[in-house]
Every structure is written in structure tokens, then in C-alpha cells.
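To be precise, the following lines are coords_2.txt, and they hold compact mmCIF, C-alpha atoms and all ligand atoms.
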```txt
# COMPACT_ATOMS: atom_id res chain seq x y z
CA MET A 1 -13.10 -5.04 11.41
CA ILE A 2 -10.33 -4.14 9.00
CA TYR A 3 -6.78 -5.12 9.94
CA THR A 4 -3.64 -3.96 8.17
CA VAL A 5 -0.54 -6.14 8.43
CA THR A 6 2.86 -4.51 7.84
CA LEU A 7 5.63 -7.10 8.10
CA ASN A 8 8.28 -4.52 7.27
CA PRO A 9 7.36 -1.04 8.56
CA SER A 10 9.75 1.86 8.13
CA ILE A 11 10.46 5.39 9.05
CA ASP A 12 10.30 7.14 5.69
CA TYR A 13 13.05 9.76 5.81
CA ILE A 14 12.21 12.24 3.09
CA VAL A 15 15.18 14.35 2.12
CA GLU A 16 15.26 17.24 -0.34
CA VAL A 17 18.64 18.13 -1.85
CA GLU A 18 18.91 20.56 -4.73
CA ASP A 19 21.17 19.17 -7.49
CA ILE A 20 22.69 16.32 -5.54
CA GLU A 21 26.41 15.80 -6.12
CA LEU A 22 27.36 12.16 -5.65
CA GLY A 23 30.72 11.90 -3.85
CA GLY A 24 30.44 15.48 -2.50
CA LEU A 25 29.04 17.09 0.65
CA ASN A 26 25.40 17.95 0.13
CA ARG A 27 23.14 19.89 2.49
CA MET A 28 19.45 19.22 2.84
CA GLN A 29 16.99 21.96 1.93
CA ARG A 30 14.26 20.16 3.85
CA ASP A 31 13.71 16.85 5.56
CA LEU A 32 10.76 15.05 7.03
CA LYS A 33 10.37 11.83 9.03
CA LEU A 34 7.12 9.96 8.55
CA PRO A 35 5.86 6.57 9.70
CA GLY A 36 5.92 4.26 6.69
CA GLY A 37 5.40 0.77 5.44
CA LYS A 38 2.50 -0.05 3.20
CA GLY A 39 -0.05 -1.36 5.72
CA ILE A 40 0.68 1.52 8.12
CA ASN A 41 -0.02 3.99 5.31
CA VAL A 42 -3.29 2.18 4.56
CA SER A 43 -4.28 2.43 8.25
CA ARG A 44 -3.53 6.16 8.37
CA VAL A 45 -5.65 6.92 5.29
CA LEU A 46 -8.50 4.64 6.47
CA ASN A 47 -8.40 6.62 9.69
CA GLN A 48 -8.69 9.88 7.72
CA LEU A 49 -11.76 8.40 6.04
CA GLN A 50 -13.12 7.56 9.51
CA VAL A 51 -13.01 3.84 8.80
CA GLY A 52 -12.05 1.96 11.97
CA ASN A 53 -9.10 -0.40 11.64
CA THR A 54 -6.29 -2.00 13.61
CA ALA A 55 -2.67 -1.93 12.43
CA THR A 56 -0.49 -4.95 13.17
CA GLY A 57 2.86 -6.39 12.08
CA PHE A 58 6.34 -6.10 13.59
CA LEU A 59 7.85 -3.03 15.28
CA GLY A 60 11.12 -2.74 17.18
CA GLY A 61 13.65 -0.37 18.73
CA PHE A 62 13.69 3.44 18.68
CA THR A 63 12.38 3.51 15.12
CA GLY A 64 9.51 1.21 16.05
CA ARG A 65 8.64 3.46 19.01
CA PHE A 66 8.51 6.49 16.68
CA ILE A 67 5.89 4.72 14.57
CA ALA A 68 3.90 3.42 17.56
CA ASP A 69 3.82 6.93 19.08
CA TRP A 70 2.70 8.49 15.80
CA LEU A 71 -0.15 5.99 15.41
CA ALA A 72 -1.22 6.56 19.01
CA GLU A 73 -1.17 10.33 18.44
CA GLU A 74 -3.53 9.83 15.48
CA GLN A 75 -5.68 7.55 17.63
CA ILE A 76 -5.20 4.58 15.32
CA SER A 77 -5.69 1.25 17.06
CA SER A 78 -2.55 -0.87 16.86
CA ASP A 79 -1.53 -4.31 18.02
CA PHE A 80 2.04 -4.98 16.88
CA VAL A 81 4.43 -7.75 17.85
CA MET A 82 7.35 -5.91 19.46
CA ILE A 83 10.64 -7.32 18.14
CA ALA A 84 14.21 -7.17 19.46
CA LYS A 85 15.75 -5.46 16.41
CA ASP A 86 15.18 -1.94 15.05
CA THR A 87 12.52 -1.23 12.44
CA ARG A 88 14.23 -0.03 9.22
CA ILE A 89 14.61 3.52 7.88
CA ASN A 90 13.81 4.08 4.17
CA ILE A 91 15.34 7.06 2.41
CA LYS A 92 13.24 8.97 -0.10
CA LEU A 93 15.59 11.37 -1.86
CA LYS A 94 14.11 14.28 -3.80
CA SER A 95 16.55 15.96 -6.10
CA GLY A 96 14.70 16.77 -9.28
CA GLU A 97 13.25 13.27 -9.36
CA GLU A 98 12.34 10.87 -6.53
CA THR A 99 14.90 8.19 -5.64
CA GLU A 100 13.98 5.57 -3.04
CA ILE A 101 16.45 3.54 -0.97
CA ASN A 102 14.51 1.02 1.10
CA GLY A 103 16.12 -1.04 3.85
CA ALA A 104 15.93 -4.85 3.78
CA GLY A 105 14.35 -4.95 7.22
CA PRO A 106 15.33 -6.29 10.64
CA GLU A 107 15.76 -9.89 11.68
CA ILE A 108 12.55 -11.45 12.95
CA SER A 109 12.99 -14.42 15.29
CA ALA A 110 10.93 -17.60 14.95
CA ALA A 111 9.11 -16.77 18.20
CA GLU A 112 8.25 -13.26 16.96
CA ALA A 113 6.95 -14.68 13.68
CA GLU A 114 4.85 -17.21 15.57
CA ALA A 115 3.42 -14.43 17.78
CA LEU A 116 2.13 -12.59 14.71
CA LEU A 117 0.51 -15.74 13.32
CA GLN A 118 -1.24 -16.14 16.70
CA LYS A 119 -2.52 -12.55 16.58
CA VAL A 120 -3.86 -12.93 13.05
CA ALA A 121 -5.58 -16.16 14.09
CA GLY A 122 -7.93 -13.93 16.13
CA VAL A 123 -9.71 -12.64 12.99
CA LYS A 124 -13.39 -13.44 12.48
CA PRO A 125 -15.70 -14.12 9.52
CA GLY A 126 -16.38 -10.85 7.69
CA ASP A 127 -13.11 -9.22 8.76
CA ILE A 128 -10.80 -7.89 6.04
CA VAL A 129 -7.05 -8.29 6.44
CA ILE A 130 -4.87 -6.05 4.27
CA LEU A 131 -1.39 -7.54 3.82
CA SER A 132 0.98 -4.97 2.37
CA GLY A 133 4.61 -4.53 1.51
CA SER A 134 7.84 -6.45 1.47
CA VAL A 135 8.78 -9.37 3.71
CA PRO A 136 11.91 -8.99 5.89
CA PRO A 137 14.53 -11.44 4.56
CA SER A 138 14.75 -13.43 7.79
CA LEU A 139 11.10 -14.54 7.51
CA ARG A 140 10.39 -17.75 5.61
CA GLY A 141 9.42 -17.12 1.98
CA ASP A 142 5.96 -18.60 2.55
CA PHE A 143 5.07 -16.28 5.45
CA TYR A 144 2.36 -14.41 3.54
CA SER A 145 0.93 -17.74 2.44
CA ARG A 146 0.74 -18.90 6.04
CA LEU A 147 -0.98 -15.67 7.13
CA ILE A 148 -3.46 -15.95 4.26
CA SER A 149 -4.29 -19.56 5.13
CA VAL A 150 -5.00 -18.47 8.71
CA CYS A 151 -7.31 -15.66 7.47
CA ARG A 152 -9.13 -18.00 5.10
CA GLN A 153 -9.58 -20.72 7.75
CA ARG A 154 -11.17 -18.10 10.03
CA GLY A 155 -13.53 -16.89 7.25
CA ALA A 156 -11.87 -13.48 6.74
CA GLU A 157 -11.30 -11.80 3.37
CA PHE A 158 -7.83 -10.55 2.50
CA VAL A 159 -6.19 -7.96 0.25
CA ILE A 160 -2.58 -8.39 -0.80
CA ASP A 161 -0.22 -5.69 -2.05
CA THR A 162 3.14 -7.24 -2.66
CA THR A 163 5.18 -8.38 -5.63
CA GLY A 164 6.62 -11.49 -7.25
CA HIS A 165 6.24 -15.01 -5.91
CA ALA A 166 4.29 -14.02 -2.77
CA LEU A 167 1.63 -12.32 -4.92
CA ASN A 168 1.44 -15.27 -7.33
CA GLU A 169 0.98 -17.71 -4.46
CA ALA A 170 -1.75 -15.54 -2.90
CA LEU A 171 -3.95 -15.42 -5.99
CA VAL A 172 -5.32 -18.96 -5.63
CA GLN A 173 -6.68 -17.99 -2.19
CA ARG A 174 -9.00 -15.45 -3.89
CA PRO A 175 -7.90 -12.02 -2.61
CA LEU A 176 -10.67 -9.43 -2.42
CA LEU A 177 -8.33 -6.97 -4.16
CA VAL A 178 -4.87 -6.81 -5.69
CA LYS A 179 -3.32 -3.48 -6.75
CA PRO A 180 -0.10 -3.69 -8.71
CA ASN A 181 1.10 -0.57 -10.50
CA HIS A 182 1.70 -1.10 -14.23
CA HIS A 183 5.45 -1.65 -13.70
CA GLU A 184 4.82 -4.34 -11.07
CA LEU A 185 2.27 -6.00 -13.38
CA ALA A 186 4.82 -6.20 -16.20
CA GLU A 187 7.46 -7.55 -13.80
CA LEU A 188 5.08 -10.18 -12.45
CA PHE A 189 4.57 -11.63 -15.93
CA GLY A 190 8.14 -10.95 -17.10
CA VAL A 191 6.94 -8.80 -20.03
CA ASN A 192 7.19 -5.23 -21.30
CA ILE A 193 3.88 -3.41 -21.19
CA SER A 194 3.45 -0.29 -23.26
CA THR A 195 -0.26 0.02 -24.08
CA ARG A 196 -3.49 0.17 -22.10
CA GLU A 197 -4.70 -2.96 -23.97
CA GLU A 198 -1.68 -4.88 -22.70
CA ILE A 199 -2.35 -3.73 -19.14
CA ILE A 200 -5.93 -4.99 -19.47
CA THR A 201 -4.75 -8.33 -20.90
CA TYR A 202 -2.37 -8.94 -17.98
CA GLY A 203 -4.75 -7.47 -15.40
CA ARG A 204 -7.39 -9.98 -16.55
CA LYS A 205 -4.90 -12.78 -15.96
CA LEU A 206 -4.84 -11.79 -12.27
CA LEU A 207 -8.62 -12.11 -12.23
CA GLU A 208 -8.43 -15.53 -13.93
CA ALA A 209 -5.81 -16.61 -11.40
CA GLY A 210 -8.21 -15.87 -8.52
CA ALA A 211 -8.34 -12.14 -7.62
CA GLN A 212 -11.90 -10.88 -7.03
CA HIS A 213 -11.05 -7.30 -8.03
CA VAL A 214 -7.97 -5.90 -9.76
CA LEU A 215 -6.78 -2.30 -9.65
CA VAL A 216 -3.81 -1.39 -11.83
CA SER A 217 -2.48 2.03 -10.90
CA MET A 218 -0.64 4.12 -13.46
CA ALA A 219 0.51 7.17 -11.44
CA GLY A 220 -0.49 10.37 -13.31
CA GLU A 221 -2.37 8.31 -15.92
CA GLY A 222 -4.94 7.25 -13.32
CA ALA A 223 -5.90 3.61 -12.95
CA LEU A 224 -7.78 0.67 -14.43
CA PHE A 225 -10.34 -1.36 -12.51
CA ILE A 226 -10.95 -4.91 -13.72
CA SER A 227 -13.62 -7.23 -12.34
CA GLU A 228 -15.92 -10.00 -13.63
CA GLN A 229 -18.35 -7.19 -14.50
CA GLY A 230 -16.04 -5.30 -16.86
CA VAL A 231 -13.12 -2.90 -17.20
CA TRP A 232 -13.11 0.80 -16.28
CA HIS A 233 -10.58 3.59 -16.50
CA ALA A 234 -10.36 6.46 -14.04
CA SER A 235 -8.56 9.65 -14.89
CA ALA A 236 -6.21 11.18 -12.33
CA PRO A 237 -6.70 14.88 -11.64
CA SER A 238 -3.81 17.15 -12.58
CA GLY A 239 -1.88 18.84 -9.84
CA THR A 240 1.61 19.39 -8.49
CA VAL A 241 3.18 16.21 -7.20
CA LYS A 242 4.77 16.84 -3.79
CA ASN A 243 5.42 13.31 -2.57
CA SER A 244 4.05 10.27 -4.34
CA VAL A 245 5.29 7.87 -1.61
CA GLY A 246 2.20 6.12 -0.27
CA ALA A 247 -0.04 7.00 -3.24
CA GLY A 248 -0.69 3.32 -3.96
CA ASP A 249 -1.39 2.55 -0.31
CA SER A 250 -3.80 5.48 -0.16
CA MET A 251 -5.59 4.08 -3.19
CA ILE A 252 -6.10 0.75 -1.42
CA ALA A 253 -7.43 2.56 1.67
CA GLY A 254 -9.85 4.64 -0.42
CA PHE A 255 -11.10 1.59 -2.30
CA ILE A 256 -11.49 -0.78 0.64
CA GLY A 257 -12.81 1.89 3.01
CA THR A 258 -15.61 2.77 0.58
CA PHE A 259 -16.26 -0.78 -0.61
CA THR A 260 -16.86 -1.98 2.93
CA LEU A 261 -19.29 0.90 3.55
CA THR A 262 -21.26 0.87 0.27
CA GLY A 263 -20.46 -2.42 -1.52
CA ASP A 264 -20.26 -0.36 -4.74
CA PRO A 265 -16.98 -1.13 -6.55
CA LEU A 266 -17.12 1.88 -8.88
CA GLU A 267 -17.72 4.32 -6.06
CA ALA A 268 -14.84 2.61 -4.28
CA PHE A 269 -12.69 2.94 -7.41
CA GLN A 270 -13.37 6.68 -7.61
CA MET A 271 -12.51 7.12 -3.94
CA GLY A 272 -9.35 5.03 -4.41
CA VAL A 273 -8.07 7.26 -7.20
CA ALA A 274 -9.00 10.43 -5.30
CA SER A 275 -7.09 9.14 -2.26
CA GLY A 276 -4.00 8.22 -4.32
CA SER A 277 -3.91 11.60 -6.04
CA ALA A 278 -4.56 13.53 -2.83
CA THR A 279 -1.50 11.82 -1.35
CA ALA A 280 0.63 12.49 -4.44
CA PHE A 281 -0.22 16.21 -4.13
CA SER A 282 0.61 16.35 -0.37
CA ASP A 283 3.81 16.24 1.69
CA ASP A 284 2.37 13.59 4.00
CA LEU A 285 -0.54 11.22 3.24
CA ALA A 286 -3.92 12.49 2.05
CA THR A 287 -6.39 14.16 4.37
CA ARG A 288 -10.11 13.40 4.21
CA GLU A 289 -10.85 16.98 3.18
CA TYR A 290 -8.45 16.86 0.23
CA ILE A 291 -9.75 13.45 -0.90
CA GLU A 292 -13.34 14.75 -0.87
CA ARG A 293 -12.27 17.81 -2.85
CA LEU A 294 -10.64 15.71 -5.60
CA ARG A 295 -13.30 13.01 -5.74
CA PRO A 296 -15.75 14.78 -8.13
CA MET A 297 -12.88 15.44 -10.57
CA ILE A 298 -12.26 11.72 -11.17
CA VAL A 299 -13.97 10.67 -14.40
CA ILE A 300 -14.73 6.95 -14.72
CA THR A 301 -15.25 5.47 -18.17
CA GLN A 302 -16.23 1.91 -19.01
CA LEU A 303 -13.94 0.41 -21.68
N1 LIG A 401 1.54 12.24 -10.70
C1 LIG A 401 0.31 11.93 -10.25
N2 LIG A 401 -0.75 12.72 -10.58
C2 LIG A 401 -2.00 12.42 -10.17
N3 LIG A 401 -2.29 11.32 -9.45
C3 LIG A 401 -1.27 10.49 -9.10
C4 LIG A 401 0.08 10.75 -9.46
N4 LIG A 401 0.87 9.76 -8.97
C5 LIG A 401 0.03 8.90 -8.32
N5 LIG A 401 -1.25 9.33 -8.40
C6 LIG A 401 -2.46 8.68 -7.90
O1 LIG A 401 -2.14 7.63 -7.01
C7 LIG A 401 -2.50 6.35 -7.57
C8 LIG A 401 -1.44 5.32 -7.24
O2 LIG A 401 -0.20 5.80 -7.75
P1 LIG A 401 0.94 4.84 -8.33
O3 LIG A 401 2.18 5.68 -8.39
O4 LIG A 401 0.48 4.24 -9.61
O5 LIG A 401 1.01 3.69 -7.23
P2 LIG A 401 2.25 3.11 -6.39
O6 LIG A 401 2.52 4.14 -5.30
O7 LIG A 401 1.74 1.82 -5.84
O8 LIG A 401 3.39 2.95 -7.36
C9 LIG A 401 -2.69 6.62 -9.08
O9 LIG A 401 -3.60 5.71 -9.66
C10 LIG A 401 -3.24 8.05 -9.05
O10 LIG A 401 -4.60 8.07 -8.70
O1 LIG A 402 7.83 -2.80 1.94
P1 LIG A 402 8.46 -2.11 0.75
O2 LIG A 402 8.10 -2.75 -0.56
O3 LIG A 402 9.94 -1.92 0.93
O4 LIG A 402 7.82 -0.67 0.66
C1 LIG A 402 7.84 0.19 1.77
C2 LIG A 402 7.70 1.59 1.32
O5 LIG A 402 6.48 1.68 0.63
C3 LIG A 402 5.70 2.73 1.14
O6 LIG A 402 4.75 2.13 1.96
C4 LIG A 402 5.09 3.51 0.01
O7 LIG A 402 4.43 2.62 -0.87
P2 LIG A 402 3.66 3.11 -2.18
O8 LIG A 402 4.35 4.36 -2.68
O9 LIG A 402 3.72 1.95 -3.12
O10 LIG A 402 2.25 3.39 -1.76
C5 LIG A 402 6.63 3.57 1.98
O11 LIG A 402 5.96 4.18 3.05
C6 LIG A 402 7.67 2.58 2.43
O12 LIG A 402 8.91 3.18 2.58
```
Now, as a test, write the supplied structure out as C-alpha cells.
Ligand SMILES: Nc1ncnc2c1ncn2[C@@H]1O[C@H](COP(=O)(O)OP(=O)(O)O)[C@@H](O)[C@H]1O
Ligand SMILES: O=P(O)(O)OC[C@H]1O[C@](O)(COP(=O)(O)O)[C@@H](O)[C@@H]1O
Amino acid sequence: MIYTVTLNPSIDYIVEVEDIELGGLNRMQRDLKLPGGKGINVSRVLNQLQVGNTATGFLGGFTGRFIADWLAEEQISSDFVMIAKDTRINIKLKSGEETEINGAGPEISAAEAEALLQKVAGVKPGDIVILSGSVPPSLRGDFYSRLISVCRQRGAEFVIDTTGHALNEALVQRPLLVKPNHHELAELFGVNISTREEIITYGRKLLEAGAQHVLVSMAGEGALFISEQGVWHASAPSGTVKNSVGAGDSMIAGFIGTFTLTGDPLEAFQMGVASGSATAFSDDLATREYIERLRPMIVITQL
């Protein structure tokens, strides 16, 4: 079974304003409310790919109910800890370019945190737990570490998509996959990265630190896949970007969904890039049909 864990879900409120005027009254041309949070996005794309999975994490209040209802409507299995406070709302402002304003996240009580650890302790050998996104500030800094230790003790694999210290700490526990984008990779090592060679150098460091597979996404420039077997580049197809929110999460879903079915990392890589791009070219997340249409356009080259 695949589980996704979203510690900090969100309603993604996507707002389009032509030529925003800061300090003035602006009117929206279009707006859209979508369930968000990285693990929830992964679950929704896995579901499109007909890969069974259960979404867990924390949900609360009217915003939490919106997300729970949406997942139920899409027939995605979910098993969240219901919390007292409201799940956050993240604003994705489109006015020429995309500006994101993400909430910090609600307070999680010690009992609520404990309840999630208990749920995750139910995983079994062979399960894959995908841990994605930010950690609400009220949770202890080592919360991901604790979840990962529980997964490892139970014989489950894990994937982690987060940044900074939590990602660094996770590497020694041998994640099946990590997927920073090239900006996050540079930030992680406190360097400026401007060439593909530099991305490969720092991507390899993640492998040396313990990751089993490394994907570095580069938006319209495609992605790099780095494993013990070598380094590959995948092109991204060209198209009109409608909403790149969730492109990285879609890539993780495409990769893991295919890898668990076929065990072939390059096929998984191709599917990951197709899923990311299909999301970037859609208002909501990618559909299976769109992913399948883009898949043959992704050219993979060994470097
Ligand atoms: N402008 C784009 N054109 C084509 N594909 C894109 C574009 N933006 C994102 N993608 C696809 O989605 C993947 C992940 O996007 P990226 O923006 O790098 O991740 P994240 O959302 O984590 O920042 C890319 O590797 C690519 O396949
Ligand atoms: O937990 P964080 O880091 O605040 O990110 C949450 C945001 O990331 C998203 O999951 C999108 O992530 P990606 O664009 O990296 O795939 C949004 O749905 C959500 O608003």
C-alpha cells in the first residue's frame, strides 16, 4: 500500500487578477478553490493513474471538511487525524507571473500529533510512505524524523519531499526517492547553482548522503534523474503553462506509481516528467489521459 502524509494540507485559492495594483481595489477575473498540500496532490495524481493509496495527515475545521469531501468525491481513501483548528488557505495569485502566499499552518496539539504517529505505526513491510510538504510550526522540529523512524522500524520504504533540516536529517534513513527542484537543491547546500553540471554534483551528494534515487526537477527545463546506475536528463514537452502548482507533487506520483508497478526507474522517470508537465499545462492537477498523451514526447538521454 502507498500512503501519503500531509502534515500541512491547504485549500489552494487560485486567484487571477489582471495587472494587480498593490494598495488599490482589484477585482478577480477568475478564481478556483482546490484541495492542496503536497501529499494530497500526490494522492490525487496516483488516483488518476489508478494506483491505490491512502491519504493521511491532519485536517481541521471548515477548510479541512472541504478537502475531506473532495477526496471522498474522487473516491480516494483517506484516514486523517481530525484537529481542533482550521486547515490553512494558501493563496496562489496569477497576475502575469505566479505569486504564492502559503499559510504557516494551524496549531497541532500534542495528542493530535501522537494520534498521527499511532496511525503511521500501522504500516507494514513493503508499504511506501510519501511524506510531503512543510511542517506546521507547532509540531516539534523532529516530527518527520519520528515518522520516518516508525516507518523504518515497521519495514516500510519512505519518500520525502521537504526542504532544509528535515530533508537533511531524513537522508541517513535511506529514502526511496527525494525530489528537490533546482532552487531547493541550491538552498539545501547554501550555494548558487547555474549549470547542469553543478546540479549533478549536488544531486550526487544527496545520493552519497543516503537517498536511493534522486530527481531534480527544473520546471520547463525538464528534470535530472540520478541513481547508483547513472545520470539521465528528461526533456519537458513545450506547452502553455496554466497552473504549475502541484507539478512537483505530480512528478512524485508519476514516478512512484510507475516504479511500484514496473520496478523500472527510467520508465518511472518518464512518467514522472509527463505527470509534472500535464499538471503545469492544466488548471487543476493532471488527468491520466493527459499524462498518457504527453508521455511519448518525453525524451530521456543518459549523460
Ligand atoms: N513550464 C513548464 N513546462 C513544462 N513542464 C513543466 C513546466 N513546469 C513544470 N513542469 C514539469 O513539472 C516538473 C516539476 O516542476 P517543478 O516546477 O520543477 O517542480 P516544483 O513544483 O516542485 O517546483 C518538471 O520537471 C516538468 O516536468
Ligand atoms: O507545505 P508547503 O511547502 O507550504 O507547500 C504547500 C503547497 O504546495 C503545493 O502542494 C504545491 O507544491 P508543488 O508546486 O511543489 O508541487 C500546494 O498545493 C500547496 O499550497
| request: Grab me every residue within 10 Å of ligand LIG 402 (chain A), counting only C-alpha atoms and all ligand atoms, and send it over as a PyMOL selection string. | output: chain A and resi 6-14+34-42+88-92+100-105+132-136+161-163+179-181+217+219+243-252+276+279-280+285
Any chance you could export the current selection's C-alpha atoms as a compact mmCIF listing (two decimals), in the frame of the given file?
```txt
# COMPACT_ATOMS: atom_id res chain seq x y z
CA THR A 6 2.86 -4.51 7.84
CA LEU A 7 5.63 -7.10 8.10
CA ASN A 8 8.28 -4.52 7.27
CA PRO A 9 7.36 -1.04 8.56
CA SER A 10 9.75 1.86 8.13
CA ILE A 11 10.46 5.39 9.05
CA ASP A 12 10.30 7.14 5.69
CA TYR A 13 13.05 9.76 5.81
CA ILE A 14 12.21 12.24 3.09
CA LEU A 34 7.12 9.96 8.55
CA PRO A 35 5.86 6.57 9.70
CA GLY A 36 5.92 4.26 6.69
CA GLY A 37 5.40 0.77 5.44
CA LYS A 38 2.50 -0.05 3.20
CA GLY A 39 -0.05 -1.36 5.72
CA ILE A 40 0.68 1.52 8.12
CA ASN A 41 -0.02 3.99 5.31
CA VAL A 42 -3.29 2.18 4.56
CA ARG A 88 14.23 -0.03 9.22
CA ILE A 89 14.61 3.52 7.88
CA ASN A 90 13.81 4.08 4.17
CA ILE A 91 15.34 7.06 2.41
CA LYS A 92 13.24 8.97 -0.10
CA GLU A 100 13.98 5.57 -3.04
CA ILE A 101 16.45 3.54 -0.97
CA ASN A 102 14.51 1.02 1.10
CA GLY A 103 16.12 -1.04 3.85
CA ALA A 104 15.93 -4.85 3.78
CA GLY A 105 14.35 -4.95 7.22
CA SER A 132 0.98 -4.97 2.37
CA GLY A 133 4.61 -4.53 1.51
CA SER A 134 7.84 -6.45 1.47
CA VAL A 135 8.78 -9.37 3.71
CA PRO A 136 11.91 -8.99 5.89
CA ASP A 161 -0.22 -5.69 -2.05
CA THR A 162 3.14 -7.24 -2.66
CA THR A 163 5.18 -8.38 -5.63
CA LYS A 179 -3.32 -3.48 -6.75
CA PRO A 180 -0.10 -3.69 -8.71
CA ASN A 181 1.10 -0.57 -10.50
CA SER A 217 -2.48 2.03 -10.90
CA ALA A 219 0.51 7.17 -11.44
CA ASN A 243 5.42 13.31 -2.57
CA SER A 244 4.05 10.27 -4.34
CA VAL A 245 5.29 7.87 -1.61
CA GLY A 246 2.20 6.12 -0.27
CA ALA A 247 -0.04 7.00 -3.24
CA GLY A 248 -0.69 3.32 -3.96
CA ASP A 249 -1.39 2.55 -0.31
CA SER A 250 -3.80 5.48 -0.16
CA MET A 251 -5.59 4.08 -3.19
CA ILE A 252 -6.10 0.75 -1.42
CA GLY A 276 -4.00 8.22 -4.32
CA THR A 279 -1.50 11.82 -1.35
CA ALA A 280 0.63 12.49 -4.44
CA LEU A 285 -0.54 11.22 3.24
```
| remark: Taken to one decimal, the CA of Leu116 in chain A-CA of Gly52 in chain A distance is 20.5 Å
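With only C-alpha atoms and all ligand atoms as the atoms that count, the residue of A:Leu171, A:Met218, A:Ile130, A:Ala110 with the shortest distance to ligand LIG 401 (chain A) is A:Met218.
If all atoms listed in the file are the atoms counted, then among A:Leu147, A:Val216, A:Ala211, A:Ala286 the closest residue to ligand LIG 401 (chain A) is A:Val216.
Rounded to one decimal, CA of Leu139 in chain A and CA of Glu157 in chain A lie 22.9 Å from each other.
Computed from the coordinates, the CA of Phe66 in chain A to CA of Leu131 in chain A distance equals 21.5 Å.
The smallest atom-to-atom distance between Gln229 in chain A and any of A:Val123, A:Leu32, A:Val191, A:Leu207, using all atoms listed in the file, is found for A:Leu207.
The smallest atom-to-atom distance between ligand LIG 401 (chain A) and any of A:Val231, A:Thr260, A:Ile199, A:His182, using all atoms listed in the file, is found for A:His182.
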Need the axis-aligned box for ligand LIG 401 (chain A) with 4 Å each side, so what are the centre and edges in Å to one decimal, as AutoDock Vina command-line options?
```
--center_x -0.6 --center_y 7.3 --center_z -8.0 --size_x 16.0 --size_y 18.9 --size_z 13.4
```
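Shortest separation to Ala156 in chain A among A:Val129, A:Ile291, A:Val15, A:Leu177 occurs at residue A:Val129, atoms counted being only C-alpha atoms.
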| said: So that I can check the surroundings of Arg295 in chain A, please list as a ChimeraX atom specification every protein, DNA and RNA residue that reaches within 10 Å of it, counting all atoms listed in the file and ignoring chain neighbours fewer than 5 positions away. | reply: /A:236-237,267,270-275,277-278,290
| query | So which residues fall inside 6 Å of (3.1, -10.7, -8.1) if we count all atoms listed in the file? Mind giving them as number ranges by chain? | reply | A: 163-165, 167-168, 188
| request: Determine, counting only C-alpha atoms, which protein, DNA and RNA residues have an atom within 12 Å of an atom of Asp127 in chain A; residues of the same chain fewer than 6 positions away are not included. Present the result as a PyMOL selection string. | output: chain A and resi 1-4+52-54+120-121+151-152+154-159+176+256+260
| Residue contacts of range 111-115 of chain A (10 Å, all atoms listed in the file) excluding same-chain residues fewer than 6 positions away, as number ranges by chain | A: 7, 57-58, 80-84, 121, 138-140, 143
Taking N, CA and C atoms as the atom set, what does range 231-247 of chain A look like once completed, written as a PDB file, keeping the file's coordinate frame?
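Contents of selection_4.pdb, freshly written:
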```
ATOM      1  N   VAL A 231     -14.378  -3.643 -17.379  1.00  0.00           N
ATOM      2  CA  VAL A 231     -13.120  -2.900 -17.200  1.00  0.00           C
ATOM      3  C   VAL A 231     -13.432  -1.405 -17.260  1.00  0.00           C
ATOM      4  N   TRP A 232     -12.894  -0.648 -16.324  1.00  0.00           N
ATOM      5  CA  TRP A 232     -13.110   0.800 -16.280  1.00  0.00           C
ATOM      6  C   TRP A 232     -11.783   1.522 -16.139  1.00  0.00           C
ATOM      7  N   HIS A 233     -11.753   2.727 -16.694  1.00  0.00           N
ATOM      8  CA  HIS A 233     -10.580   3.590 -16.500  1.00  0.00           C
ATOM      9  C   HIS A 233     -10.996   4.794 -15.666  1.00  0.00           C
ATOM     10  N   ALA A 234     -10.129   5.213 -14.774  1.00  0.00           N
ATOM     11  CA  ALA A 234     -10.360   6.460 -14.040  1.00  0.00           C
ATOM     12  C   ALA A 234      -9.219   7.408 -14.353  1.00  0.00           C
ATOM     13  N   SER A 235      -9.581   8.625 -14.652  1.00  0.00           N
ATOM     14  CA  SER A 235      -8.560   9.650 -14.890  1.00  0.00           C
ATOM     15  C   SER A 235      -7.984  10.067 -13.541  1.00  0.00           C
ATOM     16  N   ALA A 236      -6.756  10.567 -13.560  1.00  0.00           N
ATOM     17  CA  ALA A 236      -6.210  11.180 -12.330  1.00  0.00           C
ATOM     18  C   ALA A 236      -6.313  12.690 -12.530  1.00  0.00           C
ATOM     19  N   PRO A 237      -6.655  13.428 -11.491  1.00  0.00           N
ATOM     20  CA  PRO A 237      -6.700  14.880 -11.640  1.00  0.00           C
ATOM     21  C   PRO A 237      -5.295  15.421 -11.845  1.00  0.00           C
ATOM     22  N   SER A 238      -5.166  16.605 -12.475  1.00  0.00           N
ATOM     23  CA  SER A 238      -3.810  17.150 -12.580  1.00  0.00           C
ATOM     24  C   SER A 238      -3.530  18.026 -11.365  1.00  0.00           C
ATOM     25  N   GLY A 239      -2.282  18.087 -11.019  1.00  0.00           N
ATOM     26  CA  GLY A 239      -1.880  18.840  -9.840  1.00  0.00           C
ATOM     27  C   GLY A 239      -0.375  18.766  -9.702  1.00  0.00           C
ATOM     28  N   THR A 240       0.161  19.418  -8.698  1.00  0.00           N
ATOM     29  CA  THR A 240       1.610  19.390  -8.490  1.00  0.00           C
ATOM     30  C   THR A 240       1.964  18.267  -7.540  1.00  0.00           C
ATOM     31  N   VAL A 241       2.796  17.350  -8.028  1.00  0.00           N
ATOM     32  CA  VAL A 241       3.180  16.210  -7.200  1.00  0.00           C
ATOM     33  C   VAL A 241       4.184  16.692  -6.142  1.00  0.00           C
ATOM     34  N   LYS A 242       3.845  16.456  -4.869  1.00  0.00           N
ATOM     35  CA  LYS A 242       4.770  16.840  -3.790  1.00  0.00           C
ATOM     36  C   LYS A 242       5.520  15.631  -3.276  1.00  0.00           C
ATOM     37  N   ASN A 243       4.797  14.492  -3.144  1.00  0.00           N
ATOM     38  CA  ASN A 243       5.420  13.310  -2.570  1.00  0.00           C
ATOM     39  C   ASN A 243       4.547  12.104  -2.896  1.00  0.00           C
ATOM     40  N   SER A 244       4.937  11.351  -3.911  1.00  0.00           N
ATOM     41  CA  SER A 244       4.050  10.270  -4.340  1.00  0.00           C
ATOM     42  C   SER A 244       4.230   8.996  -3.491  1.00  0.00           C
ATOM     43  N   VAL A 245       5.125   9.027  -2.491  1.00  0.00           N
ATOM     44  CA  VAL A 245       5.290   7.870  -1.610  1.00  0.00           C
ATOM     45  C   VAL A 245       3.966   7.638  -0.868  1.00  0.00           C
ATOM     46  N   GLY A 246       3.448   6.426  -0.971  1.00  0.00           N
ATOM     47  CA  GLY A 246       2.200   6.120  -0.270  1.00  0.00           C
ATOM     48  C   GLY A 246       0.957   6.334  -1.113  1.00  0.00           C
ATOM     49  N   ALA A 247       1.135   6.762  -2.389  1.00  0.00           N
ATOM     50  CA  ALA A 247      -0.040   7.000  -3.240  1.00  0.00           C
ATOM     51  C   ALA A 247      -0.795   5.680  -3.463  1.00  0.00           C
TER      52      ALA A 247
END
```
